[in-house]
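A.B. asks: Take a look at input_7.txt, compact mmCIF, C-alpha atoms:
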```txt
# COMPACT_ATOMS: atom_id res chain seq x y z
CA MET A 1 -29.39 13.10 -16.89
CA PRO A 2 -25.91 11.50 -16.72
CA THR A 3 -24.15 11.87 -13.39
CA LEU A 4 -20.53 12.63 -12.57
CA ALA A 5 -18.50 12.50 -9.36
CA VAL A 6 -15.07 14.12 -9.17
CA ILE A 7 -12.20 13.32 -6.81
CA VAL A 8 -9.74 16.14 -6.19
CA THR A 9 -6.34 15.19 -4.74
CA SER A 10 -4.32 18.30 -5.59
CA SER A 11 -3.85 21.43 -3.46
CA PRO A 12 -5.40 24.80 -4.35
CA ILE A 13 -2.14 26.15 -5.76
CA GLU A 14 -1.70 23.33 -8.27
CA ASN A 15 -2.93 23.85 -11.81
CA LEU A 16 -4.50 20.38 -11.73
CA THR A 17 -7.08 21.84 -9.34
CA VAL A 18 -7.97 24.50 -11.91
CA THR A 19 -8.37 21.67 -14.43
CA ALA A 20 -10.79 19.96 -12.03
CA ILE A 21 -12.84 23.14 -11.71
CA LYS A 22 -12.91 23.59 -15.49
CA LEU A 23 -13.94 19.96 -15.93
CA ILE A 24 -16.83 20.38 -13.51
CA THR A 25 -17.92 23.69 -15.06
CA GLY A 26 -17.79 22.11 -18.52
CA ALA A 27 -19.78 19.09 -17.39
CA LEU A 28 -22.48 21.27 -15.85
CA SER A 29 -22.77 23.36 -19.01
CA HIS A 30 -23.34 20.16 -20.99
CA GLY A 31 -26.24 19.05 -18.83
CA ILE A 32 -24.28 16.57 -16.74
CA SER A 33 -25.31 16.40 -13.11
CA VAL A 34 -22.28 16.69 -10.83
CA ILE A 35 -23.46 14.76 -7.78
CA GLY A 36 -20.43 15.60 -5.69
CA VAL A 37 -16.77 16.44 -5.40
CA PHE A 38 -14.69 14.47 -2.94
CA PHE A 39 -11.52 16.08 -1.60
CA TYR A 40 -8.79 13.65 -0.56
CA GLN A 41 -5.03 13.75 0.08
CA ASP A 42 -3.71 17.31 -0.53
CA GLY A 43 -7.05 18.14 -2.14
CA VAL A 44 -8.50 18.82 1.31
CA ILE A 45 -6.42 22.02 1.55
CA ASN A 46 -8.89 23.53 -0.93
CA ALA A 47 -11.35 23.87 1.96
CA SER A 48 -9.06 26.05 4.06
CA LYS A 49 -10.05 29.66 4.64
CA ASP A 50 -6.46 30.37 5.74
CA ILE A 51 -4.91 30.06 2.30
CA GLN A 52 -3.92 33.45 0.86
CA ILE A 53 -3.36 33.35 -2.88
CA PRO A 54 -1.98 36.55 -4.51
CA SER A 55 -4.75 38.48 -6.24
CA ASP A 56 -3.22 38.09 -9.70
CA GLU A 57 -3.38 34.29 -9.41
CA PHE A 58 -6.34 31.93 -9.79
CA GLN A 59 -8.66 32.21 -6.79
CA THR A 60 -9.41 28.55 -6.20
CA LEU A 61 -11.62 28.88 -3.14
CA ARG A 62 -13.75 31.53 -4.84
CA ALA A 63 -14.30 29.13 -7.75
CA TRP A 64 -15.35 26.29 -5.43
CA ARG A 65 -17.75 28.64 -3.62
CA THR A 66 -19.29 29.66 -6.94
CA LEU A 67 -19.77 26.03 -7.98
CA HIS A 68 -21.42 25.28 -4.67
CA GLN A 69 -23.64 28.38 -4.54
CA GLN A 70 -24.71 28.56 -8.17
CA TYR A 71 -24.99 24.89 -8.99
CA GLN A 72 -25.41 23.33 -5.53
CA VAL A 73 -22.46 21.01 -6.15
CA PRO A 74 -21.79 19.17 -2.86
CA LEU A 75 -18.15 19.54 -1.78
CA HIS A 76 -17.17 16.69 0.52
CA LEU A 77 -14.03 16.82 2.58
CA CYS A 78 -12.19 13.82 4.04
CA ILE A 79 -11.76 15.18 7.55
CA THR A 80 -9.04 12.69 8.52
CA ALA A 81 -6.92 13.97 5.64
CA GLY A 82 -7.92 17.52 6.57
CA GLU A 83 -6.91 17.35 10.21
CA LYS A 84 -3.50 16.00 9.20
CA ARG A 85 -3.09 19.16 7.13
CA GLY A 86 -4.19 21.75 9.65
CA LEU A 87 -7.93 21.93 9.09
CA VAL A 88 -9.95 22.45 12.26
CA CYS A 89 -13.62 21.52 12.26
CA GLU A 90 -14.72 22.28 15.81
CA GLY A 91 -16.79 25.27 16.86
CA GLU A 92 -16.02 28.87 16.14
CA ASN A 93 -12.37 28.24 15.48
CA THR A 94 -13.07 26.31 12.31
CA ASN A 95 -10.96 27.25 9.31
CA ILE A 96 -13.04 25.20 6.89
CA ASP A 97 -15.04 27.22 4.38
CA GLU A 98 -18.82 26.97 4.65
CA ALA A 99 -19.16 25.67 1.11
CA PHE A 100 -17.57 22.39 2.21
CA THR A 101 -19.19 19.48 3.99
CA ILE A 102 -17.19 17.53 6.53
CA SER A 103 -17.23 13.89 5.45
CA GLY A 104 -15.20 10.72 5.49
CA LEU A 105 -14.17 8.05 3.04
CA GLY A 106 -17.65 6.53 3.30
CA GLU A 107 -18.86 9.44 1.19
CA LEU A 108 -16.37 8.43 -1.50
CA VAL A 109 -17.99 5.00 -1.57
CA GLU A 110 -21.45 6.60 -1.88
CA LEU A 111 -20.42 8.89 -4.73
CA THR A 112 -18.57 6.13 -6.57
CA SER A 113 -21.51 3.77 -6.41
CA LYS A 114 -24.07 6.42 -7.42
CA ALA A 115 -22.29 8.25 -10.24
CA ASP A 116 -22.36 7.08 -13.84
CA ARG A 117 -18.74 8.14 -14.07
CA VAL A 118 -15.98 9.04 -11.61
CA VAL A 119 -13.05 11.25 -12.58
CA GLN A 120 -10.03 11.56 -10.29
CA LEU A 121 -7.59 14.42 -10.57
CA MET B 1 -4.73 -17.26 -12.73
CA SER B 2 -8.27 -16.07 -12.52
CA THR B 3 -10.86 -17.57 -14.82
CA GLU B 4 -13.75 -15.24 -14.10
CA ASN B 5 -15.65 -13.70 -17.00
CA THR B 6 -14.27 -10.73 -18.84
CA ASN B 7 -17.34 -8.50 -18.65
CA THR B 8 -17.13 -5.23 -16.80
CA ASN B 9 -18.55 -5.65 -13.33
CA THR B 10 -21.30 -3.10 -12.91
CA ASN B 11 -20.08 -1.54 -9.71
CA SER B 12 -16.50 -2.64 -9.28
CA VAL B 13 -13.66 -0.38 -8.20
CA ALA B 14 -9.97 -0.85 -8.89
CA VAL B 15 -7.47 0.83 -6.59
CA LEU B 16 -4.26 1.18 -8.58
CA ASN B 17 -1.01 1.69 -6.68
CA ALA B 18 1.70 3.47 -8.65
CA HIS B 19 3.92 4.86 -5.87
CA SER B 20 6.51 2.99 -3.80
CA SER B 21 5.89 2.12 -0.15
CA PHE B 22 7.02 5.24 1.69
CA ASN B 23 6.95 7.80 -1.08
CA GLY B 24 4.54 10.26 0.49
CA SER B 25 1.37 8.73 1.90
CA TYR B 26 0.04 7.38 -1.39
CA GLY B 27 0.25 3.75 -0.31
CA LYS B 28 -1.56 4.26 2.98
CA ASP B 29 -4.17 6.54 1.38
CA ALA B 30 -4.85 3.88 -1.25
CA LEU B 31 -5.08 1.13 1.35
CA ASP B 32 -7.56 3.18 3.41
CA VAL B 33 -9.70 3.62 0.30
CA ALA B 34 -9.59 -0.12 -0.50
CA LEU B 35 -10.52 -1.04 3.08
CA ILE B 36 -13.44 1.39 3.22
CA PHE B 37 -14.86 0.01 -0.04
CA GLY B 38 -14.44 -3.46 1.43
CA SER B 39 -16.17 -2.50 4.67
CA TYR B 40 -19.13 -1.17 2.65
CA GLU B 41 -19.23 -4.56 0.91
CA GLN B 42 -18.37 -3.05 -2.45
CA GLU B 43 -16.46 -5.04 -5.01
CA VAL B 44 -12.91 -3.72 -4.89
CA SER B 45 -9.62 -4.95 -6.34
CA LEU B 46 -6.08 -3.83 -5.60
CA PHE B 47 -3.55 -3.35 -8.40
CA PHE B 48 0.19 -2.74 -8.19
CA GLN B 49 2.09 -1.34 -11.13
CA GLY B 50 5.30 0.59 -11.75
CA GLU B 51 6.91 1.74 -8.51
CA GLY B 52 3.76 0.57 -6.76
CA VAL B 53 4.98 -3.03 -6.88
CA ARG B 54 7.50 -2.15 -4.16
CA GLN B 55 4.62 -2.09 -1.67
CA LEU B 56 4.48 -5.88 -1.92
CA VAL B 57 8.18 -6.56 -1.23
CA SER B 58 8.75 -8.69 1.89
CA ALA B 59 10.50 -7.61 5.07
CA GLN B 60 10.34 -3.84 4.72
CA ASN B 61 11.31 -1.99 7.88
CA ALA B 62 9.26 1.17 8.23
CA SER B 63 10.69 1.99 11.65
CA LEU B 64 14.12 2.65 10.13
CA ILE B 65 12.72 5.87 8.68
CA ASP B 66 10.15 6.48 11.44
CA ALA B 67 7.30 5.74 9.05
CA LYS B 68 4.03 4.13 10.08
CA ASP B 69 4.08 0.47 9.08
CA TYR B 70 0.86 0.57 7.04
CA LEU B 71 2.10 -2.49 5.11
CA ALA B 72 1.25 -4.59 8.17
CA THR B 73 -2.39 -3.61 7.63
CA PHE B 74 -2.37 -5.42 4.26
CA SER B 75 -3.06 -8.56 6.27
CA ALA B 76 -6.50 -7.08 7.10
CA LEU B 77 -7.52 -7.04 3.44
CA GLU B 78 -8.96 -10.54 3.49
CA PHE B 79 -11.14 -9.69 6.52
CA TYR B 80 -12.64 -6.85 4.47
CA ASP B 81 -13.18 -9.28 1.57
CA VAL B 82 -10.60 -7.53 -0.60
CA GLU B 83 -9.45 -10.72 -2.26
CA ASN B 84 -8.58 -9.64 -5.78
CA ILE B 85 -4.99 -8.45 -5.70
CA TYR B 86 -2.98 -8.11 -8.89
CA VAL B 87 0.62 -7.19 -9.61
CA CYS B 88 2.24 -6.44 -12.95
CA LEU B 89 4.98 -8.95 -13.80
CA THR B 90 6.72 -6.54 -16.17
CA SER B 91 7.03 -3.96 -13.39
CA LEU B 92 8.54 -6.60 -11.09
CA LYS B 93 11.03 -7.72 -13.76
CA GLN B 94 12.06 -4.17 -14.60
CA ARG B 95 13.04 -3.71 -10.95
CA ASN B 96 14.61 -7.14 -10.61
CA LEU B 97 12.14 -8.01 -7.84
CA ALA B 98 11.30 -11.59 -6.98
CA VAL B 99 7.77 -13.00 -6.96
CA ASP B 100 7.91 -13.05 -3.18
CA PHE B 101 5.44 -10.90 -1.29
CA HIS B 102 4.54 -10.10 2.30
CA ILE B 103 0.90 -11.08 1.69
CA ASN B 104 -0.65 -14.18 0.18
CA ASN B 105 -3.00 -14.56 -2.75
CA VAL B 106 -1.37 -12.02 -5.02
CA ASN B 107 -2.08 -12.71 -8.69
CA VAL B 108 0.94 -12.04 -10.88
CA LEU B 109 -0.21 -10.97 -14.34
CA ALA B 110 1.64 -10.26 -17.56
CA GLU B 111 1.26 -6.73 -18.87
CA GLN B 112 -1.57 -7.53 -21.27
CA GLU B 113 -3.57 -9.51 -18.72
CA PHE B 114 -2.97 -6.85 -16.09
CA SER B 115 -4.35 -4.22 -18.44
CA GLU B 116 -7.37 -6.34 -19.35
CA LYS B 117 -8.13 -7.08 -15.71
CA LEU B 118 -7.96 -3.39 -14.87
CA ARG B 119 -10.36 -2.55 -17.68
CA GLN B 120 -12.96 -4.93 -16.26
CA HIS B 121 -13.54 -2.45 -13.45
CA ARG B 122 -16.03 0.35 -13.76
CA THR B 123 -13.97 2.84 -11.76
CA ILE B 124 -10.20 3.11 -11.41
CA LEU B 125 -8.74 5.15 -8.56
CA ARG B 126 -4.99 5.71 -8.91
CA PHE B 127 -2.61 6.53 -6.09
```
Mind turning this structure into structure tokens?
C.D. replies:
Amino acid sequence: MPTLAVIVTSSPIENLTVTAIKLITGALSHGISVIGVFFYQDGVINASKDIQIPSDEFQTLRAWRTLHQQYQVPLHLCITAGEKRGLVCEGENTNIDEAFTISGLGELVELTSKADRVVQL
Amino acid sequence: MSTENTNTNTNSVAVLNAHSSFNGSYGKDALDVALIFGSYEQEVSLFFQGEGVRQLVSAQNASLIDAKDYLATFSALEFYDVENIYVCLTSLKQRNLAVDFHINNVNVLAEQEFSEKLRQHRTILRF
């Protein structure tokens, strides 16, 4: 099975993020194994539970949760980039959604070396 | 000019810089990525194209705009074995910039060669 890793650098309110989700969904439906998504730069904001998007707009976090729960796609977050943007990872006060794994750039190296193809958005 | 073979390296990564030095944090984010690949002993090359070539200009003063001087960290690249650094000559010419950089061992490539060199890498990450 061919493998894909995706790097997301856009925030949850940018349409490019929707494109990333559609790309991943499309890949999965074609039998491609998505071995991980790495969130970097403004992409880390996708992991925030504090973002309130109006109900008539695309619900980005819900889509990421679905990808993680239904297809077990690992969602890796660069915590250094996250902390710069208000994400808190310690204890009960965390505002990072449970679907996301706290990681660092080392995970990007792992995904890049393992995947047959890497797509950055 | 490099004389290495033109085959795609099986696991090589190109980090392509397309933003100027202090335009957002693109430059620093790209450098951090290049250094981490280097520290994991992965084959990584740095490319500068378009506005990205401004990151190589000598004597930039980050403190004038209260920015972190991440350009100083470029000197660490060789310690992380990031030795393949390429800049697009056309981009330099378009901006009337001299072939004079704040780091050594930068390979200046014409557009065609730059493109070919980039394509030799398995993965391209653009910032």
A.B. asks: Would you kindly return, as a list of chain:residue names, each protein, DNA or RNA residue with an atom no farther than 10 Å from any atom of Val53 of chain B, considering all atoms listed in the file and excluding same-chain residues fewer than 4 positions away?
C.D. replies: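 The contact residues come out as B:Asn17, B:Ala18, B:His19, B:Ser20, B:Ser21, B:Phe47, B:Phe48, B:Gln49, B:Val57, B:Tyr86, B:Val87, B:Cys88, B:Leu89, B:Ser91, B:Leu92, B:Arg95, B:Leu97, B:Phe101.
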A.B. asks: Could you work out which residues of chain B fall inside 8 Å of chain A? Count all atoms listed in the file, and format the result as number ranges by chain.
C.D. replies: B: 11, 29, 33, 36-37, 40, 123, 125-126
A.B. asks: Between atom CA of Tyr26 of chain B and atom CA of Glu41 of chain B, what distance in Å does the model show, to one decimal?
C.D. replies: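 Spanning atom CA of Tyr26 of chain B to atom CA of Glu41 of chain B is a straight-line distance of 22.8 Å.
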A.B. asks: Name all residues at most 9 Å from Asp100 of chain B (count all atoms listed in the file; drop same-chain ones fewer than 2 positions away) and give them as a short mmCIF file (atom, residue, chain, number, x, y, z; two decimals) with C-alpha atoms, in the frame of the given file.
C.D. replies:
```cif
data_model
loop_
_atom_site.label_atom_id
_atom_site.label_comp_id
_atom_site.auth_asym_id
_atom_site.auth_seq_id
_atom_site.Cartn_x
_atom_site.Cartn_y
_atom_site.Cartn_z
CA LEU B 56 4.48 -5.88 -1.92
CA VAL B 57 8.18 -6.56 -1.23
CA SER B 58 8.75 -8.69 1.89
CA LEU B 97 12.14 -8.01 -7.84
CA ALA B 98 11.30 -11.59 -6.98
CA HIS B 102 4.54 -10.10 2.30
CA ILE B 103 0.90 -11.08 1.69
#
```
A.B. asks: Between atom CA of Ile79 of chain A and atom CA of Leu31 of chain B, what is the distance in Å, rounded to a tenth?
C.D. replies: 16.7 Å
A.B. asks: Work out how far apart atom CA of Asn107 of chain B and atom CA of Ser45 of chain B are and give it in Å to one decimal.
C.D. replies: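 For atom CA of Asn107 of chain B relative to atom CA of Ser45 of chain B, the distance reads 11.1 Å.
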